[in-house]
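See structure below.
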Amino acid sequence: MLIGLAVLAAAVPAFAQNSELQQKLAGVKQSMAENKQRLQQYEWTETTQLNLKGDPKPPSQNLCRYGPDGQVQKSLIGVPPEPSGGRLKKRIVAKKTGEIKDYMGDVKGLLSMYVPPDPQRMEQAYQAGKLSLNPAGGLVNLVFRDYAQPGDQMTLTFDTGTRKVVSLSVNTYMGETKDAVTLQVQMASLPDGTNYVQQSVLSASAKQLVVTTSNSNYQRMGG
């Protein structure tokens with residue numbers, strides 16, 4: 001009987017913590033779904049600045065909006081400048097640019113599994129016991145382990161007062177763990193309260209590559 005009471009006493013705090021986790025996760029998922037609906041009413045400008053081995057490249061801009069399938073569609077604004085120099089130099093630059101584009105395509109494909117966070121993956125992490133809660137005043141950090149790949153980690157910071165995602169931090173890798181990729185995302189709000197990604201900084205240490213993406217000039221479509 002005493003053993004049974006001891007087991008029950010130990011189970012009560014664990015059940016309470018598990019219940020709190022479930023409630024916080026449900027609140028985050030609901031907030032994100034509602035915000036995505038509001039965000040689909042807008043179009044905006046995305047500016048991407050690439051820095052390779054300490055050398056900043058010319059920024060590129062895209063006009064972005066959500067398509068009928070709920071995915072972001074991008075249209076290039078302007079034409080990237082032609083590389084200067086002779087024919088051989090232009091060929092070398094074009095080759096390097098092509099290699100970086102291919103690598104960036106792989107990186108963006110990987111990170112699309114994290115941004116925006118997928119409700120189904122979050123739920124799977126919770127069910128597998130790979131989600132932990134770290135309260136910090138009015139904020140709460142939801143830490144997901146093995147979220148999209150074994151050994152990765154995603155930390156989502158949520159403001160419980162405003163019911164908005166404040167930031168997102170991802171530590172993952174490309175193919176092998178030695179090819180580490182990190183992503184830091186900062187959120188902001190439009191005048192009507194719609195939450196959006198203000199800036200993201202992607203770092204791929206193996207390639208000495210840093211990509212900073214900023215979103216601005218949000219305009220309501222048809223208004």
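Each chain of the structure tokens is named A, B, ... in the order shown, its residues numbered from 1; ligands are numbered from 1 in display order.
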(message) Can you tell me which residues surround A:Lys178 at a distance of at most 12 Å, considering only C-alpha atoms, apart from same-chain residues fewer than 6 positions away, and format the answer as a ChimeraX atom specification?
(response) /A:151,171-172,204-207
For the selection you just gave me, I'd like the residues written to a file as a PDB file, in the first residue's frame, keeping N, CA and C atoms.
ATOM      1  N   GLY A 151      19.274  14.231 -33.425  1.00  0.00           N
ATOM      2  CA  GLY A 151      20.306  15.096 -32.864  1.00  0.00           C
ATOM      3  C   GLY A 151      20.083  16.576 -33.072  1.00  0.00           C
ATOM      4  N   ASN A 171      19.211  24.388 -34.383  1.00  0.00           N
ATOM      5  CA  ASN A 171      20.543  23.816 -34.545  1.00  0.00           C
ATOM      6  C   ASN A 171      20.381  22.477 -35.247  1.00  0.00           C
ATOM      7  N   THR A 172      20.901  22.400 -36.461  1.00  0.00           N
ATOM      8  CA  THR A 172      20.752  21.170 -37.247  1.00  0.00           C
ATOM      9  C   THR A 172      21.994  20.984 -38.107  1.00  0.00           C
ATOM     10  N   ALA A 204      26.044  28.628 -42.062  1.00  0.00           N
ATOM     11  CA  ALA A 204      26.531  27.301 -42.442  1.00  0.00           C
ATOM     12  C   ALA A 204      28.043  27.333 -42.264  1.00  0.00           C
ATOM     13  N   SER A 205      28.513  26.855 -41.117  1.00  0.00           N
ATOM     14  CA  SER A 205      29.918  27.028 -40.738  1.00  0.00           C
ATOM     15  C   SER A 205      30.882  26.327 -41.696  1.00  0.00           C
ATOM     16  N   ALA A 206      30.523  25.170 -42.220  1.00  0.00           N
ATOM     17  CA  ALA A 206      31.425  24.425 -43.098  1.00  0.00           C
ATOM     18  C   ALA A 206      31.745  25.204 -44.370  1.00  0.00           C
ATOM     19  N   LYS A 207      30.778  26.003 -44.831  1.00  0.00           N
ATOM     20  CA  LYS A 207      30.970  26.794 -46.045  1.00  0.00           C
ATOM     21  C   LYS A 207      31.360  28.238 -45.732  1.00  0.00           C
TER      22      LYS A 207
END
(message) as number ranges by chain, please: every residue in stretch 106-175 of chain A that a backbone DSSP assignment puts in alpha helix (DSSP H).
(response) A: 106-111, 119-127
Please, could you write that set of residues out with N, CA, C and O atoms as a CSV table (one decimal), in the first residue's frame?
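For reference, again.csv as written:
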chain,number,residue,atom,x,y,z
A,106,ASP,N,19.8,23.4,-51.1
A,106,ASP,CA,19.7,22.2,-50.2
A,106,ASP,C,19.5,22.7,-48.8
A,106,ASP,O,18.7,22.2,-48.0
A,107,VAL,N,20.1,23.8,-48.4
A,107,VAL,CA,20.0,24.4,-47.0
A,107,VAL,C,18.5,24.9,-46.8
A,107,VAL,O,17.9,24.6,-45.8
A,108,LYS,N,18.0,25.6,-47.8
A,108,LYS,CA,16.6,26.1,-47.7
A,108,LYS,C,15.6,25.0,-47.7
A,108,LYS,O,14.6,25.0,-47.0
A,109,GLY,N,15.9,23.9,-48.4
A,109,GLY,CA,15.0,22.7,-48.3
A,109,GLY,C,15.0,22.1,-47.0
A,109,GLY,O,14.0,21.7,-46.4
A,110,LEU,N,16.2,22.0,-46.3
A,110,LEU,CA,16.3,21.5,-45.0
A,110,LEU,C,15.6,22.4,-44.0
A,110,LEU,O,14.8,21.9,-43.2
A,111,LEU,N,15.8,23.7,-44.1
A,111,LEU,CA,15.2,24.6,-43.1
A,111,LEU,C,13.7,24.8,-43.3
A,111,LEU,O,13.0,25.2,-42.4
A,119,PRO,N,2.9,21.9,-37.3
A,119,PRO,CA,2.1,21.4,-36.1
A,119,PRO,C,2.2,19.9,-36.0
A,119,PRO,O,2.3,19.4,-34.8
A,120,GLN,N,2.3,19.2,-37.1
A,120,GLN,CA,2.3,17.7,-37.0
A,120,GLN,C,3.7,17.3,-36.4
A,120,GLN,O,3.7,16.4,-35.5
A,121,ARG,N,4.8,17.9,-36.8
A,121,ARG,CA,6.1,17.5,-36.3
A,121,ARG,C,6.2,17.9,-34.8
A,121,ARG,O,6.8,17.1,-34.0
A,122,MET,N,5.6,19.0,-34.4
A,122,MET,CA,5.6,19.4,-33.0
A,122,MET,C,4.8,18.4,-32.2
A,122,MET,O,5.3,18.0,-31.1
A,123,GLU,N,3.7,18.0,-32.7
A,123,GLU,CA,2.9,17.0,-31.9
A,123,GLU,C,3.6,15.6,-31.8
A,123,GLU,O,3.6,15.0,-30.8
A,124,GLN,N,4.3,15.2,-32.9
A,124,GLN,CA,5.1,14.0,-32.9
A,124,GLN,C,6.2,14.0,-31.8
A,124,GLN,O,6.4,13.1,-31.1
A,125,ALA,N,6.9,15.2,-31.7
A,125,ALA,CA,7.9,15.4,-30.7
A,125,ALA,C,7.3,15.3,-29.3
A,125,ALA,O,7.9,14.6,-28.4
A,126,TYR,N,6.2,15.9,-29.1
A,126,TYR,CA,5.5,15.8,-27.8
A,126,TYR,C,5.2,14.3,-27.5
A,126,TYR,O,5.4,13.9,-26.4
A,127,GLN,N,4.6,13.6,-28.4
A,127,GLN,CA,4.2,12.2,-28.2
A,127,GLN,C,5.4,11.3,-27.9
A,127,GLN,O,5.3,10.4,-27.2
Within 12 Å of A:Lys29, counting only C-alpha atoms, which residues qualify if same-chain residues fewer than 4 places away don't, as a compact mmCIF listing (two decimals) with N, CA, C and O atoms, in the first residue's frame?
# COMPACT_ATOMS: atom_id res chain seq x y z
N GLN A 22 1.12 19.97 -22.80
CA GLN A 22 0.08 19.78 -23.81
C GLN A 22 -0.71 21.07 -24.04
O GLN A 22 -1.00 21.44 -25.18
N GLN A 23 -1.04 21.78 -22.94
CA GLN A 23 -1.79 23.03 -23.05
C GLN A 23 -0.99 24.10 -23.77
O GLN A 23 -1.50 24.81 -24.63
N LYS A 24 0.30 24.22 -23.41
CA LYS A 24 1.15 25.24 -24.04
C LYS A 24 1.32 24.94 -25.52
O LYS A 24 1.25 25.85 -26.36
N LEU A 25 1.54 23.68 -25.87
CA LEU A 25 1.71 23.30 -27.27
C LEU A 25 0.43 23.59 -28.06
O LEU A 25 0.48 24.11 -29.17
N ALA A 33 -1.77 29.04 -36.37
CA ALA A 33 -2.77 28.81 -37.42
C ALA A 33 -3.58 30.08 -37.68
O ALA A 33 -3.82 30.46 -38.84
N GLU A 34 -3.98 30.75 -36.61
CA GLU A 34 -4.75 32.00 -36.76
C GLU A 34 -3.90 33.08 -37.41
O GLU A 34 -4.39 33.84 -38.26
N ASN A 35 -2.63 33.16 -37.03
CA ASN A 35 -1.75 34.20 -37.58
C ASN A 35 -1.48 33.97 -39.07
O ASN A 35 -1.41 34.92 -39.85
N LYS A 36 -1.34 32.70 -39.46
CA LYS A 36 -1.10 32.40 -40.87
C LYS A 36 -2.27 32.86 -41.74
O LYS A 36 -2.07 33.37 -42.85
N PRO A 116 8.01 27.70 -41.50
CA PRO A 116 7.44 27.82 -40.16
C PRO A 116 7.36 26.45 -39.49
O PRO A 116 7.32 25.43 -40.18
N PRO A 117 7.34 26.42 -38.15
CA PRO A 117 7.23 25.13 -37.44
C PRO A 117 5.98 24.38 -37.87
O PRO A 117 4.92 24.97 -38.06
N ASP A 118 6.14 23.08 -38.05
CA ASP A 118 5.04 22.25 -38.53
C ASP A 118 4.26 21.67 -37.35
O ASP A 118 4.84 20.99 -36.49
N PRO A 119 2.95 21.93 -37.25
CA PRO A 119 2.15 21.44 -36.14
C PRO A 119 2.23 19.92 -35.95
O PRO A 119 2.27 19.43 -34.83
N GLN A 120 2.29 19.18 -37.06
CA GLN A 120 2.35 17.72 -36.97
C GLN A 120 3.68 17.25 -36.38
O GLN A 120 3.72 16.36 -35.53
N ARG A 121 4.78 17.87 -36.81
CA ARG A 121 6.09 17.51 -36.26
C ARG A 121 6.17 17.86 -34.77
O ARG A 121 6.76 17.12 -33.98
N MET A 122 5.60 19.01 -34.41
CA MET A 122 5.60 19.40 -33.00
C MET A 122 4.84 18.40 -32.15
O MET A 122 5.27 18.02 -31.06
N GLU A 123 3.70 17.95 -32.67
CA GLU A 123 2.89 16.97 -31.95
C GLU A 123 3.63 15.64 -31.83
O GLU A 123 3.59 14.99 -30.77
N LEU A 142 9.74 26.43 -25.69
CA LEU A 142 9.42 25.04 -26.00
C LEU A 142 10.60 24.47 -26.77
O LEU A 142 10.93 24.93 -27.86
N LEU A 156 11.46 27.20 -29.60
CA LEU A 156 10.44 28.18 -29.96
C LEU A 156 10.09 28.99 -28.72
O LEU A 156 9.71 28.42 -27.69
N PHE A 158 7.69 31.65 -26.92
CA PHE A 158 6.30 32.07 -27.05
C PHE A 158 5.94 33.03 -25.92
O PHE A 158 6.24 32.76 -24.75
N ARG A 163 0.22 36.00 -26.82
CA ARG A 163 -0.05 34.77 -27.57
C ARG A 163 0.63 34.83 -28.95
O ARG A 163 0.03 34.56 -29.97
N LYS A 164 1.91 35.20 -28.94
CA LYS A 164 2.66 35.31 -30.19
C LYS A 164 4.02 34.63 -30.05
O LYS A 164 4.62 34.63 -28.98
N VAL A 165 4.49 34.08 -31.17
CA VAL A 165 5.84 33.54 -31.23
C VAL A 165 6.80 34.72 -31.28
O VAL A 165 6.65 35.61 -32.12
(message) Applying 9 Å and only C-alpha atoms, which residues near A:Ile77 remain after dropping the ones on its own chain fewer than 4 positions away? List them as a list in words.
(response)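 These residues fall inside the cut-off: Thr45, Ser60, Gln61, Asn62 and Leu63 of chain A.
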(message) For a quick check of understanding, using only C-alpha atoms, which of A:Asn141, A:Thr213, A:Gln208, A:Ser132 has the smallest distance to A:Gln184?
(response)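 Going through A:Asn141, A:Thr213, A:Gln208, A:Ser132 one by one, the smallest distance to A:Gln184 is for A:Thr213.
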(request) Quick one: everything within 12 Å of A:Gly137, counting only C-alpha atoms, minus sequence neighbours fewer than 2 positions away in the same chain. Send it as a list in words. (result)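 My reading of the contact set: Asn134, Pro135, Leu139, Val140, Asn141, Thr157, Phe158, Asp159, Thr160 and Gly161 of chain A.
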(message) Residues near stretch 50-52 of chain A, anyone? I mean within 7 Å using only C-alpha atoms, not counting same-chain ones fewer than 3 positions away, as number ranges by chain.
(response) A: 55-57, 59, 208-212
